[in-house]
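Chemist: Quick one: the structure is below, questions incoming.
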Amino acid sequence: MFKLIPQEVKFFEMFVKSAENLLKGARVLKDIANDFSSLAENAAKLERLEHDSDQITHEIMEKLNKTFVTPLDREDIHELTAALDDVMDFIEAATERMVLYKVSVPTPEMKEIAEVILKQAEEINYVMPKLKEIKHSQIIGHCIEINRLENEGDRILREAVAGLFDRKIDPLEVIKWRDIYDYLETATDKCEDIAVTVEGIALKYS
Amino acid sequence: MFKLIPQEVKFFEMFVKSAENLLKGARVLKDIANDFSSLAENAAKLERLEHDSDQITHEIMEKLNKTFVTPLDREDIHELTAALDDVMDFIEAATERMVLYKVSVPTPEMKEIAEVILKQAEEINYVMPKLKEIKHSQIIGHCIEINRLENEGDRILREAVAGLFDRKIDPLEVIKWRDIYDYLETATDKCEDIAVTVEGIALKYS
Amino acid sequence: MFKLIPQEVKFFEMFVKSAENLLKGARVLKDIANDFSSLAENAAKLERLEHDSDQITHEIMEKLNKTFVTPLDREDIHELTAALDDVMDFIEAATERMVLYKVSVPTPEMKEIAEVILKQAEEINYVMPKLKEIKHSQIIGHCIEINRLENEGDRILREAVAGLFDRKIDPLEVIKWRDIYDYLETATDKCEDIAVTVEGIALKYS
């Protein structure tokens, strides 16, 4: 028993750590959207944060493999860990494409979606430290807000793509931005996955 | 016991309701393909049907969370419910893009694929009311047909994309239609998922 | 008991058979990359190999449904079988698009990625016959190498897409090649899935 309790606490601490790292990443994404001249250095910053995320993910998974009695269902731990890491991966992939494809200016919609992702990361950071106590009443509202933000992100990106067509810009630029938008949309989707998993945990244990 | 039996029946009734709603959606898609001037109003109709589908899905999931003993494996109920909802989502997403991207005429292949999706929805509606009795012999043939239709849909859309290239049309139009085709292809894939789940259920319980 | 042992052996034999078939496919892909004039006949060859893969997959799944005690977790058998089949499917899909889209010359990056996929298939073929004995020490190194190759494939294809933009070629050609690259990237991803599943099995049983 004695040995298990610290380990249980550890999982929750590591989720918080992963969420904090994600928040850093979402802030860098917003910095890029606000000042595109900072793209190169901020993309490099995101690459480092993405490595940190991989490291945290690896630690959680290793602990999961070694822990016999887990404080949450193994599957939930797995899903939460993977989704937290995925958000960071997709933010990083989007900015990497901005560098690689040499896009010159951010679209207005890129700024909007960066704002949405930052808000989602903030909500995730409200929720994560409360997961240990699993107070459903304190968690549910934030989960709903993360879902609402995902819907807002969907709408923004849907219109962003339509905007690319309307402006009749170079088809190659359309292809580049659609690619970048895809990664950003998947980042918001993965935030929603986190909310769904957290809500499921809160329902199960409350 | 008394309390469980009506609940069991309820799940099957709700699957039928979801399938019926899907059939309505597939019919509207075919209406659009046949008369593209009706796009705006029919897309609005699909949006409402998609909300109805969300509502039914939500009811099933809520019942699933509250029901201790379910007539089928929880996982099967979950998969079937999600796939039924997904088909509707992707049909609606495809038509929404037609509106948003301002495509002017449907391609011939769009008519063909709308026909395939309608046939799949009809097969799903043959099967769903029979799921309760789980008569494998009555179910299997329809599942095979849904799979065959998915293969046919694949072929149609593969050639549809090649056709876009062959006609050397505006690259922006190519991008738009490929996007729409993607949603329609995923709709047929999700119909196949339904068939696979139903067949799995029939095998398990027969 | 007597009846179960031969069946257990059968699963491992069938994995080996599936991996060998995949290796044949990866070799044909490389033949295409090296001599594009052979595309038509080699694409037809891949279609036949893909059918063989479907057949092997079907046999394993059928055996899985009929076998009460399996030598590995059912889920692992399922995942491994599906991933082996997926790699072949995506190799075949990529070459089918080359034919269908009438691309005239392979890009240099296509040759590189074909080489990566062949190496992954070779590693998979080193590992698969050792799975029966589940010697973790003999398996782990190959799994790491398959992951490394997936990362290398990612890098190649990321730069391949950037290269399409840089060369300012016809946007329709860009769309075609991105499509083909997507299938090839998914093929390398699925090889990584195989490595992850195999490593998980080796960890569990060693």
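Chains: A, B, ... in order of the structure tokens. Residues: from 1 per chain. Ligands: from 1, in order shown.
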Give as a PDB file with N, CA and C atoms, in the first residue's frame every residue of chain A that touches chain B within 12 Å, counting only C-alpha atoms.
Modeler:
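So the final result, stored in result-v5.pdb, reads:
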```
ATOM      1  N   ASP A 154     -13.447  24.830 -35.452  1.00  0.00           N
ATOM      2  CA  ASP A 154     -13.960  24.219 -36.683  1.00  0.00           C
ATOM      3  C   ASP A 154     -14.546  25.274 -37.614  1.00  0.00           C
ATOM      4  N   ARG A 155     -15.373  26.119 -37.045  1.00  0.00           N
ATOM      5  CA  ARG A 155     -16.033  27.160 -37.845  1.00  0.00           C
ATOM      6  C   ARG A 155     -14.993  28.093 -38.453  1.00  0.00           C
ATOM      7  N   LEU A 157     -11.876  27.547 -39.145  1.00  0.00           N
ATOM      8  CA  LEU A 157     -11.036  26.924 -40.175  1.00  0.00           C
ATOM      9  C   LEU A 157     -11.830  26.574 -41.428  1.00  0.00           C
ATOM     10  N   ARG A 158     -13.101  26.269 -41.232  1.00  0.00           N
ATOM     11  CA  ARG A 158     -13.973  26.027 -42.389  1.00  0.00           C
ATOM     12  C   ARG A 158     -14.047  27.289 -43.230  1.00  0.00           C
ATOM     13  N   GLU A 159     -14.249  28.405 -42.557  1.00  0.00           N
ATOM     14  CA  GLU A 159     -14.332  29.670 -43.291  1.00  0.00           C
ATOM     15  C   GLU A 159     -12.961  30.106 -43.793  1.00  0.00           C
ATOM     16  N   ALA A 160     -11.920  29.723 -43.085  1.00  0.00           N
ATOM     17  CA  ALA A 160     -10.565  30.043 -43.546  1.00  0.00           C
ATOM     18  C   ALA A 160     -10.293  29.388 -44.895  1.00  0.00           C
ATOM     19  N   VAL A 161     -10.712  28.124 -45.030  1.00  0.00           N
ATOM     20  CA  VAL A 161     -10.495  27.409 -46.290  1.00  0.00           C
ATOM     21  C   VAL A 161     -11.337  28.043 -47.399  1.00  0.00           C
ATOM     22  N   ALA A 162     -12.609  28.327 -47.083  1.00  0.00           N
ATOM     23  CA  ALA A 162     -13.459  29.008 -48.072  1.00  0.00           C
ATOM     24  C   ALA A 162     -12.828  30.349 -48.465  1.00  0.00           C
ATOM     25  N   GLY A 163     -12.227  31.032 -47.504  1.00  0.00           N
ATOM     26  CA  GLY A 163     -11.561  32.310 -47.774  1.00  0.00           C
ATOM     27  C   GLY A 163     -10.403  32.158 -48.749  1.00  0.00           C
ATOM     28  N   LEU A 164      -9.664  31.065 -48.619  1.00  0.00           N
ATOM     29  CA  LEU A 164      -8.556  30.812 -49.554  1.00  0.00           C
ATOM     30  C   LEU A 164      -9.074  30.713 -50.983  1.00  0.00           C
ATOM     31  N   PHE A 165     -10.229  30.055 -51.144  1.00  0.00           N
ATOM     32  CA  PHE A 165     -10.788  29.913 -52.484  1.00  0.00           C
ATOM     33  C   PHE A 165     -11.311  31.264 -52.988  1.00  0.00           C
ATOM     34  N   ASP A 166     -11.980  32.000 -52.096  1.00  0.00           N
ATOM     35  CA  ASP A 166     -12.592  33.264 -52.502  1.00  0.00           C
ATOM     36  C   ASP A 166     -11.555  34.268 -52.989  1.00  0.00           C
ATOM     37  N   ARG A 167     -10.426  34.289 -52.277  1.00  0.00           N
ATOM     38  CA  ARG A 167      -9.397  35.272 -52.640  1.00  0.00           C
ATOM     39  C   ARG A 167      -8.669  34.907 -53.936  1.00  0.00           C
ATOM     40  N   LYS A 168      -8.999  33.751 -54.468  1.00  0.00           N
ATOM     41  CA  LYS A 168      -8.396  33.269 -55.721  1.00  0.00           C
ATOM     42  C   LYS A 168      -6.873  33.424 -55.726  1.00  0.00           C
ATOM     43  N   ILE A 169      -6.268  33.089 -54.618  1.00  0.00           N
ATOM     44  CA  ILE A 169      -4.815  33.181 -54.538  1.00  0.00           C
ATOM     45  C   ILE A 169      -4.176  31.998 -55.256  1.00  0.00           C
ATOM     46  N   ASP A 170      -2.881  32.056 -55.395  1.00  0.00           N
ATOM     47  CA  ASP A 170      -2.089  30.999 -56.016  1.00  0.00           C
ATOM     48  C   ASP A 170      -2.478  29.625 -55.449  1.00  0.00           C
ATOM     49  N   PRO A 171      -2.866  28.687 -56.320  1.00  0.00           N
ATOM     50  CA  PRO A 171      -3.263  27.357 -55.820  1.00  0.00           C
ATOM     51  C   PRO A 171      -2.218  26.722 -54.907  1.00  0.00           C
ATOM     52  N   LEU A 172      -0.938  26.979 -55.182  1.00  0.00           N
ATOM     53  CA  LEU A 172       0.091  26.376 -54.320  1.00  0.00           C
ATOM     54  C   LEU A 172      -0.016  26.923 -52.891  1.00  0.00           C
ATOM     55  N   GLU A 173      -0.332  28.215 -52.771  1.00  0.00           N
ATOM     56  CA  GLU A 173      -0.517  28.792 -51.432  1.00  0.00           C
ATOM     57  C   GLU A 173      -1.738  28.184 -50.744  1.00  0.00           C
ATOM     58  N   VAL A 174      -2.783  27.941 -51.525  1.00  0.00           N
ATOM     59  CA  VAL A 174      -3.985  27.296 -50.967  1.00  0.00           C
ATOM     60  C   VAL A 174      -3.612  25.929 -50.385  1.00  0.00           C
ATOM     61  N   ILE A 175      -2.837  25.178 -51.172  1.00  0.00           N
ATOM     62  CA  ILE A 175      -2.452  23.834 -50.710  1.00  0.00           C
ATOM     63  C   ILE A 175      -1.630  23.927 -49.422  1.00  0.00           C
ATOM     64  N   LYS A 176      -0.706  24.881 -49.380  1.00  0.00           N
ATOM     65  CA  LYS A 176       0.120  25.047 -48.175  1.00  0.00           C
ATOM     66  C   LYS A 176      -0.726  25.366 -46.945  1.00  0.00           C
ATOM     67  N   ARG A 178      -3.973  25.014 -46.434  1.00  0.00           N
ATOM     68  CA  ARG A 178      -4.896  23.941 -46.049  1.00  0.00           C
ATOM     69  C   ARG A 178      -4.176  22.908 -45.206  1.00  0.00           C
ATOM     70  N   ASP A 179      -2.951  22.631 -45.567  1.00  0.00           N
ATOM     71  CA  ASP A 179      -2.126  21.680 -44.838  1.00  0.00           C
ATOM     72  C   ASP A 179      -1.902  22.187 -43.403  1.00  0.00           C
ATOM     73  N   ASP A 182      -5.037  22.059 -41.390  1.00  0.00           N
ATOM     74  CA  ASP A 182      -5.345  20.676 -40.989  1.00  0.00           C
ATOM     75  C   ASP A 182      -4.671  20.319 -39.668  1.00  0.00           C
ATOM     76  N   GLY A 200     -15.140  11.718 -18.787  1.00  0.00           N
ATOM     77  CA  GLY A 200     -15.430  10.308 -18.555  1.00  0.00           C
ATOM     78  C   GLY A 200     -14.867   9.838 -17.215  1.00  0.00           C
ATOM     79  N   LEU A 203     -16.940  11.322 -14.394  1.00  0.00           N
ATOM     80  CA  LEU A 203     -18.228  10.628 -14.260  1.00  0.00           C
ATOM     81  C   LEU A 203     -18.063   9.279 -13.563  1.00  0.00           C
ATOM     82  N   LYS A 204     -17.023   8.565 -13.951  1.00  0.00           N
ATOM     83  CA  LYS A 204     -16.802   7.225 -13.411  1.00  0.00           C
ATOM     84  C   LYS A 204     -16.534   7.241 -11.907  1.00  0.00           C
TER      85      LYS A 204
END
```
Chemist: Could you pull the residues within 8 Å of Val198 (chain B), counting only C-alpha atoms, minus those fewer than 5 positions along the same chain, as JSON, numbers by chain?
Modeler: {"B": [80, 131, 139, 143]}
Chemist: Taking the DSSP assignment computed from this structure's backbone, write out as a CSV table (one decimal) with C-alpha atoms, in the first residue's frame all residues of region 48-149 of chain B that belong to alpha helix (DSSP H).
Modeler:
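What ended up in part_36.csv:
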```csv
chain,number,residue,atom,x,y,z
B,48,ARG,CA,-31.3,19.8,-39.1
B,49,LEU,CA,-31.1,16.1,-39.7
B,50,GLU,CA,-27.6,16.1,-38.4
B,51,HIS,CA,-28.7,17.8,-35.2
B,52,ASP,CA,-31.4,15.1,-34.8
B,53,SER,CA,-28.7,12.5,-35.2
B,54,ASP,CA,-26.6,14.2,-32.5
B,55,GLN,CA,-29.7,14.2,-30.2
B,56,ILE,CA,-30.4,10.5,-30.8
B,57,THR,CA,-26.7,9.7,-30.2
B,58,HIS,CA,-26.7,11.6,-27.0
B,59,GLU,CA,-29.7,9.7,-25.8
B,60,ILE,CA,-28.2,6.4,-26.5
B,61,MET,CA,-24.9,7.3,-24.8
B,62,GLU,CA,-26.7,8.6,-21.8
B,63,LYS,CA,-28.8,5.4,-21.5
B,64,LEU,CA,-25.6,3.4,-21.9
B,65,ASN,CA,-24.0,5.2,-19.0
B,66,LYS,CA,-27.0,4.6,-16.8
B,74,ARG,CA,-21.1,-1.9,-24.3
B,75,GLU,CA,-18.4,-1.5,-26.8
B,76,ASP,CA,-20.6,-2.7,-29.6
B,77,ILE,CA,-23.4,-0.3,-28.6
B,78,HIS,CA,-20.8,2.5,-28.5
B,79,GLU,CA,-19.3,1.6,-31.9
B,80,LEU,CA,-22.7,1.2,-33.6
B,81,THR,CA,-24.0,4.4,-32.2
B,82,ALA,CA,-20.9,6.4,-33.2
B,83,ALA,CA,-20.7,5.0,-36.7
B,84,LEU,CA,-24.4,5.8,-37.4
B,85,ASP,CA,-23.8,9.3,-36.3
B,86,ASP,CA,-20.6,9.6,-38.2
B,87,VAL,CA,-22.3,8.7,-41.6
B,88,MET,CA,-24.7,11.6,-41.1
B,89,ASP,CA,-21.9,13.9,-40.0
B,90,PHE,CA,-19.9,13.2,-43.1
B,91,ILE,CA,-22.9,13.5,-45.5
B,92,GLU,CA,-23.7,16.9,-43.9
B,93,ALA,CA,-20.0,18.0,-44.0
B,94,ALA,CA,-19.8,17.2,-47.7
B,95,THR,CA,-22.9,19.3,-48.6
B,96,GLU,CA,-21.8,22.1,-46.3
B,97,ARG,CA,-18.5,22.3,-48.3
B,98,MET,CA,-20.5,22.4,-51.5
B,99,VAL,CA,-22.3,25.5,-50.2
B,100,LEU,CA,-19.2,27.1,-48.6
B,108,PRO,CA,-21.3,13.0,-62.6
B,109,GLU,CA,-19.4,11.0,-60.0
B,110,MET,CA,-21.1,12.9,-57.2
B,111,LYS,CA,-24.5,11.5,-58.5
B,112,GLU,CA,-23.1,8.0,-58.5
B,113,ILE,CA,-21.7,8.2,-55.0
B,114,ALA,CA,-24.9,9.7,-53.7
B,115,GLU,CA,-26.7,6.7,-55.1
B,116,VAL,CA,-24.2,4.3,-53.4
B,117,ILE,CA,-24.7,6.0,-50.0
B,118,LEU,CA,-28.5,5.8,-50.4
B,119,LYS,CA,-28.3,2.1,-51.1
B,120,GLN,CA,-26.0,1.6,-48.1
B,121,ALA,CA,-28.5,3.5,-45.9
B,122,GLU,CA,-31.3,1.3,-47.2
B,123,GLU,CA,-29.4,-1.9,-46.4
B,124,ILE,CA,-28.6,-0.5,-42.9
B,125,ASN,CA,-32.4,0.0,-42.5
B,126,TYR,CA,-33.1,-3.6,-43.5
B,127,VAL,CA,-30.7,-4.8,-40.9
B,136,HIS,CA,-27.4,-14.2,-38.4
B,137,SER,CA,-28.8,-15.7,-41.6
B,138,GLN,CA,-31.0,-12.6,-42.2
B,139,ILE,CA,-28.3,-10.1,-41.4
B,140,ILE,CA,-25.2,-11.4,-43.1
B,141,GLY,CA,-26.3,-10.9,-46.7
B,142,HIS,CA,-27.0,-7.2,-46.1
B,143,CYS,CA,-23.7,-6.7,-44.4
B,144,ILE,CA,-21.9,-8.2,-47.4
B,145,GLU,CA,-23.9,-5.9,-49.7
B,146,ILE,CA,-22.9,-2.8,-47.6
B,147,ASN,CA,-19.3,-3.8,-48.0
B,148,ARG,CA,-19.7,-4.4,-51.7
B,149,LEU,CA,-21.2,-0.9,-52.0
```
Chemist: Counting only C-alpha atoms, which residue out of A:Asp35, A:Glu133, A:Asp73, A:Asp193 sits closest to Pro106 (chain A)?
Modeler: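 Of the candidates, the smallest distance to Pro106 (chain A) is held by A:Asp35.
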Chemist: For Asn42 (chain A), which residue out of A:Ile156, A:Ala26, A:Val69, A:Val196 is the nearest one, using only C-alpha atoms?
Modeler: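 Closest to Asn42 (chain A) of all the choices is A:Ala26.
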Chemist: So what do you get for CA of Lys10 (chain C) versus CA of Phe68 (chain C), distance-wise?
Modeler: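 Distance between the two atoms: 13.9 Å.
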